[in-house]
Every structure is written in C-alpha cells, then in structure tokens.
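Engineer: Got a structure for you, written out below as structure tokens; questions coming shortly.
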Amino acid sequence: MPLPTTDTVVSYPAGATTGTATVLHTETLDSGLIAVLLDSTPCHPVDAGWPDQGPDRATISWEQVNSEVVDCVVAATDGIRLYLASEIPVRKGAEGWAFVVAHLVEVAPPVGTEVTVAVDAEHRRALSLGHTACHLASLALNRALSDRWTKELPTDALGSPNFDQAANDTSTIVPGGSFDTYRLNKSLRRKGFTTEGFADALPAVTDAVNAQLADWVAAGSAVRIDRDGDRLTDRRSWVCALPDGEAVIPCGGTHATSLSELGTVTVTLELDDAEGTPVLSMRTATA
Ligand SMILES: [Zn+2]
C-alpha cells in the first residue's frame, strides 16, 4: 500500500460534514492507533503549524463497521515515510511531499475500501461559530487599540494597525468562542505600542470592542471561504463583507456563513503578568 503522492482533497472549507472516500493507505502507529489516509475527507484536522481549531469528531463507516476517529491531524509524506503533526520536517507545499489528513482510529478499513465519513455536525457548527467570532473580535480589538500606536504598523483589512498580527501568541477555538493571548513585550513596544495606563483603560477598550462587535453582528454580513483549490494545502481565506469594507484573513478553519448566525458576540479582556511581560488575554463568546 504505497503512500499517496498528492494532497488530500478536503470538503470541510465549503461546510461539508459527510462524504464518501477511498482508503489509500493505513499504518499502525507506536501509540497502537492506526492512521487512515483517504483520497478526500470532510473531517477537519488540527493543523501542525497553527493548531488553533481542534479536530472534528467523526466516524468512518464501511460494511457493518463504524470506527470512531479518535484524532485527526495533518501529516506529510515523501513517499517513504509518514510524518505526523509536529514530526513533519518540511514546510507546507515542499517539493516532492504530499500533505494529507491522517484520521487516527482503533479499527481501520482495508486499503481500497469505499468508506463513508460522517462528522459530528453539532460540534463542528459550535467550532465554526467560535472561529468566525474569533476573527471578528480580532478586527474589533485592532480598531479599539488603534490610538495606542505611536509608529506606523502594517494595517488589517479594515485599515487599523494590526495589533492581532503583531502580538498574538496563542489562539484557541472552543465551541462557540475562542481564547487568544497577546504578549505586550519589548519588541511590541519598540514597534510603537503604548502600554502606559493600559490596565486602567481595559474597561473602556472592552466596551469599545463589544460595541463594535454588536454593530457588525447586527449588520448580518455574509461570510465565505475563498480558496485556490480543493486540496489540503491550497491557500484559503476567510472573507467577510462588513459595512466598513471587505475583511480578508488567511485561515484554514471552518466558519459560519453569516454573522447573523452568531447571535451576540462579546469579549472579556484581562491583563496578566508572565515573568515581567504583560500578557493580554481575550476570551470571546457567542450566545
Ligand atoms: Zn482562522
């Protein structure tokens, strides 16, 4: 059973939660789980480089068997070996490498089998809402912090200094929301970010972000994913036609199709200290 030579076709960016596929390769891992590679999948894997959105919950079915997908990760192969997640030694799109979705299961179908992949649609939807809210909140935060910059900074799609891009340290999508951390370190301050009086300003910043989010959600703008192709490593972007302009953010995750699906979006901001470095955290929630 040779390893695949092309990237997996993925249907989750278009919102698919079910699909049929052919088993291309299976391989037992040290953990005892089996990695199943398919020609196509609706199952969103956790990304190796930017693991913000976790794996879908899914089941692979064939004949009388329903096998739970215990984990789903991005993997890569040079045709000789399969490298999972953080073991991948090359950059996405490297010449001679195929990037694939590895479904980790306890019971694997034989190679060549036609299988059905069914994703837990409710869990996916909660993550999609959380991911869209996360992008929207980052734009609102950039705008609310725009007067704290004393130097020119690359701007986001709406023309605000891109604080999110400059300072984001971790981003985690959770069902219905997200959790982001931003390091307000020396290098950020050198770029012109003013931390003076920031703790006192937090309530006002929070209010400004939440007011902006309420305005945007009320507009009910459409959200879509633009993509260069239907394979795992093809470039994809989140596009939202906000009243103030079209926002485009590179993104490999899944999303709502309209801001009206989010209900209400609110953030809470907190300022902590990590060994002398101020860290801003933003928790985003939909309701
Ligand atoms: Zn994203």
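Chain labels run A, B, ... following the order of the structure tokens; each chain numbers its residues from 1, and ligands are numbered from 1 in the order shown.
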Set the distance at 8 Å and use only C-alpha atoms: which residues neighbour Ala219 of chain A once local chain neighbours fewer than 2 positions away are removed? I'd like the list as number ranges by chain.
Structural biologist: A: 215-217, 221, 242-243, 259-260
Engineer: Which protein, DNA or RNA residues have an atom within 10 Å of ligand 1, counting only C-alpha atoms and all ligand atoms, as a PyMOL selection string?
Structural biologist: chain A and resi 50-53+128+130-135+171-173+236-238+249-255
Engineer: Can you tell me, as an MDAnalysis selection string, what residues are no more than 6 Å from Val279 of chain A when counting only C-alpha atoms, ignoring any on the same chain fewer than 4 positions away?
Structural biologist: chainID A and resid 182:184 271:273
Engineer: Keeping only all heavy atoms, write the selected residues as a PDB file, in the first residue's frame.
Structural biologist:
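Output below, filename again_7.pdb:
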```
ATOM      1  N   TYR A 182      -1.993  37.690  23.942  1.00  0.00           N
ATOM      2  CA  TYR A 182      -1.137  38.659  23.243  1.00  0.00           C
ATOM      3  C   TYR A 182      -0.023  39.091  24.174  1.00  0.00           C
ATOM      4  O   TYR A 182      -0.292  39.506  25.304  1.00  0.00           O
ATOM      5  CB  TYR A 182      -1.961  39.889  22.848  1.00  0.00           C
ATOM      6  CG  TYR A 182      -3.129  39.584  21.941  1.00  0.00           C
ATOM      7  CD1 TYR A 182      -4.393  39.324  22.461  1.00  0.00           C
ATOM      8  CD2 TYR A 182      -2.965  39.563  20.564  1.00  0.00           C
ATOM      9  CE1 TYR A 182      -5.470  39.035  21.634  1.00  0.00           C
ATOM     10  CE2 TYR A 182      -4.027  39.283  19.713  1.00  0.00           C
ATOM     11  CZ  TYR A 182      -5.276  39.022  20.259  1.00  0.00           C
ATOM     12  OH  TYR A 182      -6.324  38.742  19.435  1.00  0.00           O
ATOM     13  N   ARG A 183       1.213  38.972  23.717  1.00  0.00           N
ATOM     14  CA  ARG A 183       2.353  39.376  24.540  1.00  0.00           C
ATOM     15  C   ARG A 183       2.709  40.832  24.237  1.00  0.00           C
ATOM     16  O   ARG A 183       3.029  41.176  23.099  1.00  0.00           O
ATOM     17  CB  ARG A 183       3.553  38.465  24.266  1.00  0.00           C
ATOM     18  CG  ARG A 183       3.353  37.061  24.833  1.00  0.00           C
ATOM     19  CD  ARG A 183       4.481  36.138  24.434  1.00  0.00           C
ATOM     20  NE  ARG A 183       5.753  36.510  25.046  1.00  0.00           N
ATOM     21  CZ  ARG A 183       6.065  36.200  26.306  1.00  0.00           C
ATOM     22  NH1 ARG A 183       5.238  35.532  27.067  1.00  0.00           N
ATOM     23  NH2 ARG A 183       7.226  36.575  26.796  1.00  0.00           N
ATOM     24  N   LEU A 184       2.618  41.667  25.280  1.00  0.00           N
ATOM     25  CA  LEU A 184       2.942  43.087  25.120  1.00  0.00           C
ATOM     26  C   LEU A 184       4.407  43.266  25.506  1.00  0.00           C
ATOM     27  O   LEU A 184       4.737  43.946  26.479  1.00  0.00           O
ATOM     28  CB  LEU A 184       2.012  43.933  25.998  1.00  0.00           C
ATOM     29  CG  LEU A 184       0.516  43.553  25.939  1.00  0.00           C
ATOM     30  CD1 LEU A 184      -0.303  44.483  26.812  1.00  0.00           C
ATOM     31  CD2 LEU A 184       0.003  43.579  24.504  1.00  0.00           C
ATOM     32  N   LEU A 271      -5.555  41.501  31.821  1.00  0.00           N
ATOM     33  CA  LEU A 271      -4.133  41.783  31.703  1.00  0.00           C
ATOM     34  C   LEU A 271      -3.407  41.057  32.831  1.00  0.00           C
ATOM     35  O   LEU A 271      -3.715  41.259  34.008  1.00  0.00           O
ATOM     36  CB  LEU A 271      -3.910  43.301  31.808  1.00  0.00           C
ATOM     37  CG  LEU A 271      -2.559  43.834  31.357  1.00  0.00           C
ATOM     38  CD1 LEU A 271      -2.249  43.463  29.916  1.00  0.00           C
ATOM     39  CD2 LEU A 271      -2.517  45.346  31.526  1.00  0.00           C
ATOM     40  N   ASP A 272      -2.477  40.205  32.463  1.00  0.00           N
ATOM     41  CA  ASP A 272      -1.708  39.455  33.454  1.00  0.00           C
ATOM     42  C   ASP A 272      -0.228  39.710  33.243  1.00  0.00           C
ATOM     43  O   ASP A 272       0.162  40.379  32.289  1.00  0.00           O
ATOM     44  CB  ASP A 272      -1.994  37.951  33.340  1.00  0.00           C
ATOM     45  CG  ASP A 272      -3.430  37.629  33.688  1.00  0.00           C
ATOM     46  OD1 ASP A 272      -3.859  37.972  34.796  1.00  0.00           O
ATOM     47  OD2 ASP A 272      -4.133  37.074  32.817  1.00  0.00           O
ATOM     48  N   ASP A 273       0.561  39.114  34.108  1.00  0.00           N
ATOM     49  CA  ASP A 273       1.997  39.286  34.019  1.00  0.00           C
ATOM     50  C   ASP A 273       2.646  37.911  33.912  1.00  0.00           C
ATOM     51  O   ASP A 273       2.395  37.041  34.734  1.00  0.00           O
ATOM     52  CB  ASP A 273       2.494  40.012  35.286  1.00  0.00           C
ATOM     53  CG  ASP A 273       3.971  40.276  35.221  1.00  0.00           C
ATOM     54  OD1 ASP A 273       4.749  39.362  35.559  1.00  0.00           O
ATOM     55  OD2 ASP A 273       4.341  41.390  34.818  1.00  0.00           O
TER      56      ASP A 273
END
```
Engineer: Measuring between only C-alpha atoms, which one of A:Ala126, A:Tyr12, A:Glu63, A:Thr6 shows the shortest distance to Gly79 of chain A?
Structural biologist: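 Of A:Ala126, A:Tyr12, A:Glu63, A:Thr6, the one nearest Gly79 of chain A, counting only C-alpha atoms, is A:Thr6.
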Engineer: Just checking: using only C-alpha atoms, which residue out of A:Val101, A:Ala222, A:Val9, A:Ala58 ends up closest to His25 of chain A?
Structural biologist: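 Smallest separation from His25 of chain A among the options: A:Val101.
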Engineer: Between A:Val46, A:Ala16, A:Ile225, A:Ala247, which has the minimum distance to Arg125 of chain A (counting only C-alpha atoms)?
Structural biologist: A:Ala16
Engineer: If you run DSSP over the backbone, which residues in segment 2-229 of chain A end up strand (DSSP E or B)? Put them as JSON, numbers by chain.
Structural biologist: {"A": [9, 10, 18, 19, 20, 21, 22, 23, 24, 25, 26, 27, 28, 34, 35, 36, 37, 38, 40, 41, 46, 58, 59, 60, 61, 62, 65, 66, 67, 68, 69, 71, 72, 73, 74, 75, 76, 77, 82, 83, 84, 98, 99, 100, 101, 102, 103, 104, 105, 114, 115, 116, 117, 118, 119, 149, 155, 161, 168, 169, 170, 171, 172, 173, 174, 177, 178, 179, 180, 181, 182, 183, 193, 222, 223, 224, 225, 226, 227]}
Engineer: So that I can check the surroundings of Val74 of chain A, please list as a PDB file with all heavy atoms, in the first residue's frame every protein, DNA and RNA residue that reaches within 9 Å of it, counting only C-alpha atoms and ignoring chain neighbours fewer than 2 positions away.
Structural biologist:
```
ATOM      1  N   PRO A  45      -8.765  18.467  10.157  1.00  0.00           N
ATOM      2  CA  PRO A  45      -7.670  18.022  11.021  1.00  0.00           C
ATOM      3  C   PRO A  45      -7.082  19.206  11.778  1.00  0.00           C
ATOM      4  O   PRO A  45      -7.189  20.350  11.330  1.00  0.00           O
ATOM      5  CB  PRO A  45      -6.652  17.500  10.004  1.00  0.00           C
ATOM      6  CG  PRO A  45      -6.844  18.408   8.821  1.00  0.00           C
ATOM      7  CD  PRO A  45      -8.302  18.821   8.802  1.00  0.00           C
ATOM      8  N   VAL A  46      -6.448  18.950  12.902  1.00  0.00           N
ATOM      9  CA  VAL A  46      -5.741  20.027  13.579  1.00  0.00           C
ATOM     10  C   VAL A  46      -4.470  20.310  12.772  1.00  0.00           C
ATOM     11  O   VAL A  46      -3.812  19.384  12.288  1.00  0.00           O
ATOM     12  CB  VAL A  46      -5.453  19.672  15.056  1.00  0.00           C
ATOM     13  CG1 VAL A  46      -4.527  18.490  15.194  1.00  0.00           C
ATOM     14  CG2 VAL A  46      -4.899  20.878  15.800  1.00  0.00           C
ATOM     15  N   ASP A  47      -4.178  21.590  12.571  1.00  0.00           N
ATOM     16  CA  ASP A  47      -3.029  21.973  11.760  1.00  0.00           C
ATOM     17  C   ASP A  47      -1.745  21.831  12.568  1.00  0.00           C
ATOM     18  O   ASP A  47      -1.733  22.024  13.781  1.00  0.00           O
ATOM     19  CB  ASP A  47      -3.197  23.419  11.276  1.00  0.00           C
ATOM     20  CG  ASP A  47      -2.157  23.799  10.239  1.00  0.00           C
ATOM     21  OD1 ASP A  47      -2.172  23.192   9.153  1.00  0.00           O
ATOM     22  OD2 ASP A  47      -1.311  24.665  10.513  1.00  0.00           O
ATOM     23  N   ALA A  48      -0.645  21.501  11.879  1.00  0.00           N
ATOM     24  CA  ALA A  48       0.627  21.307  12.570  1.00  0.00           C
ATOM     25  C   ALA A  48       1.248  22.641  12.972  1.00  0.00           C
ATOM     26  O   ALA A  48       1.758  22.801  14.073  1.00  0.00           O
ATOM     27  CB  ALA A  48       1.578  20.521  11.683  1.00  0.00           C
ATOM     28  N   CYS A  72      -7.611  13.637  14.545  1.00  0.00           N
ATOM     29  CA  CYS A  72      -7.441  13.897  13.122  1.00  0.00           C
ATOM     30  C   CYS A  72      -6.387  14.989  12.984  1.00  0.00           C
ATOM     31  O   CYS A  72      -6.571  16.091  13.515  1.00  0.00           O
ATOM     32  CB  CYS A  72      -8.783  14.329  12.522  1.00  0.00           C
ATOM     33  SG  CYS A  72      -8.757  14.420  10.726  1.00  0.00           S
ATOM     34  N   ALA A  76       2.418  14.484   6.658  1.00  0.00           N
ATOM     35  CA  ALA A  76       3.098  14.694   5.383  1.00  0.00           C
ATOM     36  C   ALA A  76       3.934  13.465   5.061  1.00  0.00           C
ATOM     37  O   ALA A  76       4.391  12.762   5.962  1.00  0.00           O
ATOM     38  CB  ALA A  76       3.990  15.927   5.436  1.00  0.00           C
ATOM     39  N   TYR A  83       4.926  11.278   8.264  1.00  0.00           N
ATOM     40  CA  TYR A  83       5.280  12.105   9.421  1.00  0.00           C
ATOM     41  C   TYR A  83       4.013  12.805   9.914  1.00  0.00           C
ATOM     42  O   TYR A  83       3.322  13.467   9.133  1.00  0.00           O
ATOM     43  CB  TYR A  83       6.300  13.168   9.036  1.00  0.00           C
ATOM     44  CG  TYR A  83       7.612  12.603   8.543  1.00  0.00           C
ATOM     45  CD1 TYR A  83       7.762  12.223   7.210  1.00  0.00           C
ATOM     46  CD2 TYR A  83       8.699  12.470   9.406  1.00  0.00           C
ATOM     47  CE1 TYR A  83       8.968  11.709   6.748  1.00  0.00           C
ATOM     48  CE2 TYR A  83       9.913  11.961   8.946  1.00  0.00           C
ATOM     49  CZ  TYR A  83      10.035  11.579   7.617  1.00  0.00           C
ATOM     50  OH  TYR A  83      11.228  11.078   7.160  1.00  0.00           O
ATOM     51  N   LEU A  84       3.734  12.632  11.209  1.00  0.00           N
ATOM     52  CA  LEU A  84       2.515  13.209  11.760  1.00  0.00           C
ATOM     53  C   LEU A  84       2.773  14.529  12.474  1.00  0.00           C
ATOM     54  O   LEU A  84       3.745  14.651  13.231  1.00  0.00           O
ATOM     55  CB  LEU A  84       1.886  12.232  12.769  1.00  0.00           C
ATOM     56  CG  LEU A  84       0.731  11.365  12.243  1.00  0.00           C
ATOM     57  CD1 LEU A  84       1.228  10.446  11.145  1.00  0.00           C
ATOM     58  CD2 LEU A  84       0.106  10.564  13.366  1.00  0.00           C
ATOM     59  N   ALA A  85       1.885  15.499  12.241  1.00  0.00           N
ATOM     60  CA  ALA A  85       1.816  16.748  13.015  1.00  0.00           C
ATOM     61  C   ALA A  85       3.201  17.364  13.218  1.00  0.00           C
ATOM     62  O   ALA A  85       3.868  17.728  12.257  1.00  0.00           O
ATOM     63  CB  ALA A  85       1.104  16.481  14.336  1.00  0.00           C
ATOM     64  N   ILE A  88       6.531  16.625  11.196  1.00  0.00           N
ATOM     65  CA  ILE A  88       6.716  16.999   9.788  1.00  0.00           C
ATOM     66  C   ILE A  88       7.970  17.859   9.658  1.00  0.00           C
ATOM     67  O   ILE A  88       8.063  18.917  10.282  1.00  0.00           O
ATOM     68  CB  ILE A  88       5.487  17.762   9.243  1.00  0.00           C
ATOM     69  CG1 ILE A  88       4.234  16.881   9.350  1.00  0.00           C
ATOM     70  CG2 ILE A  88       5.718  18.207   7.798  1.00  0.00           C
ATOM     71  CD1 ILE A  88       2.933  17.593   8.990  1.00  0.00           C
ATOM     72  N   PHE A  99       0.903  16.481   1.455  1.00  0.00           N
ATOM     73  CA  PHE A  99       0.309  16.794   2.761  1.00  0.00           C
ATOM     74  C   PHE A  99      -1.078  16.179   2.819  1.00  0.00           C
ATOM     75  O   PHE A  99      -1.894  16.385   1.909  1.00  0.00           O
ATOM     76  CB  PHE A  99       0.286  18.303   3.002  1.00  0.00           C
ATOM     77  CG  PHE A  99       1.606  18.819   3.485  1.00  0.00           C
ATOM     78  CD1 PHE A  99       2.684  18.922   2.610  1.00  0.00           C
ATOM     79  CD2 PHE A  99       1.793  19.155   4.812  1.00  0.00           C
ATOM     80  CE1 PHE A  99       3.923  19.359   3.056  1.00  0.00           C
ATOM     81  CE2 PHE A  99       3.022  19.601   5.277  1.00  0.00           C
ATOM     82  CZ  PHE A  99       4.087  19.705   4.393  1.00  0.00           C
ATOM     83  N   VAL A 100      -1.306  15.409   3.862  1.00  0.00           N
ATOM     84  CA  VAL A 100      -2.516  14.583   3.919  1.00  0.00           C
ATOM     85  C   VAL A 100      -3.216  14.716   5.271  1.00  0.00           C
ATOM     86  O   VAL A 100      -2.616  15.139   6.256  1.00  0.00           O
ATOM     87  CB  VAL A 100      -2.162  13.093   3.664  1.00  0.00           C
ATOM     88  CG1 VAL A 100      -1.618  12.903   2.249  1.00  0.00           C
ATOM     89  CG2 VAL A 100      -1.154  12.584   4.691  1.00  0.00           C
ATOM     90  N   VAL A 101      -4.491  14.339   5.284  1.00  0.00           N
ATOM     91  CA  VAL A 101      -5.249  14.291   6.530  1.00  0.00           C
ATOM     92  C   VAL A 101      -5.126  12.864   7.081  1.00  0.00           C
ATOM     93  O   VAL A 101      -5.485  11.902   6.393  1.00  0.00           O
ATOM     94  CB  VAL A 101      -6.729  14.638   6.289  1.00  0.00           C
ATOM     95  CG1 VAL A 101      -7.534  14.503   7.583  1.00  0.00           C
ATOM     96  CG2 VAL A 101      -6.862  16.058   5.721  1.00  0.00           C
ATOM     97  N   ALA A 102      -4.610  12.733   8.295  1.00  0.00           N
ATOM     98  CA  ALA A 102      -4.494  11.413   8.928  1.00  0.00           C
ATOM     99  C   ALA A 102      -5.611  11.258   9.956  1.00  0.00           C
ATOM    100  O   ALA A 102      -5.663  12.002  10.935  1.00  0.00           O
ATOM    101  CB  ALA A 102      -3.125  11.260   9.590  1.00  0.00           C
ATOM    102  N   HIS A 103      -6.522  10.310   9.688  1.00  0.00           N
ATOM    103  CA  HIS A 103      -7.595  10.002  10.632  1.00  0.00           C
ATOM    104  C   HIS A 103      -7.080   8.886  11.533  1.00  0.00           C
ATOM    105  O   HIS A 103      -6.727   7.814  11.043  1.00  0.00           O
ATOM    106  CB  HIS A 103      -8.841   9.506   9.879  1.00  0.00           C
ATOM    107  CG  HIS A 103      -9.258  10.374   8.729  1.00  0.00           C
ATOM    108  ND1 HIS A 103      -8.585  10.392   7.526  1.00  0.00           N
ATOM    109  CD2 HIS A 103     -10.295  11.241   8.589  1.00  0.00           C
ATOM    110  CE1 HIS A 103      -9.179  11.239   6.701  1.00  0.00           C
ATOM    111  NE2 HIS A 103     -10.222  11.766   7.315  1.00  0.00           N
ATOM    112  N   LEU A 232      -5.684  20.036   0.604  1.00  0.00           N
ATOM    113  CA  LEU A 232      -5.363  20.442   1.977  1.00  0.00           C
ATOM    114  C   LEU A 232      -4.498  21.691   2.058  1.00  0.00           C
ATOM    115  O   LEU A 232      -4.759  22.583   2.857  1.00  0.00           O
ATOM    116  CB  LEU A 232      -4.677  19.266   2.707  1.00  0.00           C
ATOM    117  CG  LEU A 232      -4.256  19.508   4.146  1.00  0.00           C
ATOM    118  CD1 LEU A 232      -5.456  19.840   5.022  1.00  0.00           C
ATOM    119  CD2 LEU A 232      -3.530  18.292   4.698  1.00  0.00           C
TER     120      LEU A 232
END
```
Engineer: Which residues, written as a list in words, have at least one atom at most 10 Å from Ala118 of chain A, with only C-alpha atoms counted and residues fewer than 5 positions away on the same chain left out?
Structural biologist: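 Skipping anything fewer than 5 positions along the chain leaves Ala16, Thr17, Thr18, Gly19, Thr20, Thr41, Pro42, Cys43, Asp56, Arg57, Ala58, Thr59, Ile60, Ser61, Asn66, Glu68 and Val69 of chain A.
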Engineer: Can you tell me how far atom CA of Leu127 of chain A sits from atom CA of Val174 of chain A, in Å to one decimal?
Structural biologist: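 Straight-line distance from atom CA of Leu127 of chain A to atom CA of Val174 of chain A works out to 6.0 Å.
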Engineer: Got a sec: who's within 9 Å of Lys191 of chain A, counting only C-alpha atoms, leaving out chain neighbours fewer than 4 positions off, as JSON, numbers by chain?
Structural biologist: {"A": [149, 150, 151, 152, 153, 166, 186, 187]}
Engineer: Report, in Å to a single decimal, how far apart atom CA of Val267 of chain A and atom CA of Asp200 of chain A are.
Structural biologist: 17.0 Å
Engineer: Take atom CA of Thr284 of chain A and atom CA of Gly177 of chain A and report the distance between them in Å, one decimal.
Structural biologist: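 Spanning atom CA of Thr284 of chain A to atom CA of Gly177 of chain A is a straight-line distance of 5.1 Å.
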Engineer: I'd like to know which of A:Gly192, A:Pro203, A:Pro110, A:Pro278 is closest to Ala35 of chain A, using only C-alpha atoms.
Structural biologist: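 For Ala35 of chain A, the nearest of the given residues is A:Pro110.
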Engineer: Using only C-alpha atoms, which residues sit within 12 Å of Asn162 of chain A once same-chain residues fewer than 6 positions away are excluded, as a list in words?
Structural biologist: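 In the requested format, the answer is Ser138, Leu139, Ala140, Leu141, Asn142, Arg143, Ala144, Leu145, Ser146, Asp147, Arg148, Trp149, Lys151, Glu152, Leu153, Pro154, Thr155, Asp156, Asn168, Leu188, Lys191, Gly192, Phe193 and Ile249 of chain A.
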Engineer: Point out the residue among A:Val111, A:Asp78, A:Val105, A:Gln64 with the least atom-to-atom distance to Thr22 of chain A, counting only C-alpha atoms.
Structural biologist: A:Val111
Engineer: Counting only C-alpha atoms, figure out which residue out of A:Pro175, A:Ala98, A:Pro109, A:Arg224 gets nearest to His123 of chain A.
Structural biologist: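 Of A:Pro175, A:Ala98, A:Pro109, A:Arg224, the one nearest His123 of chain A is A:Pro175, counting only C-alpha atoms.
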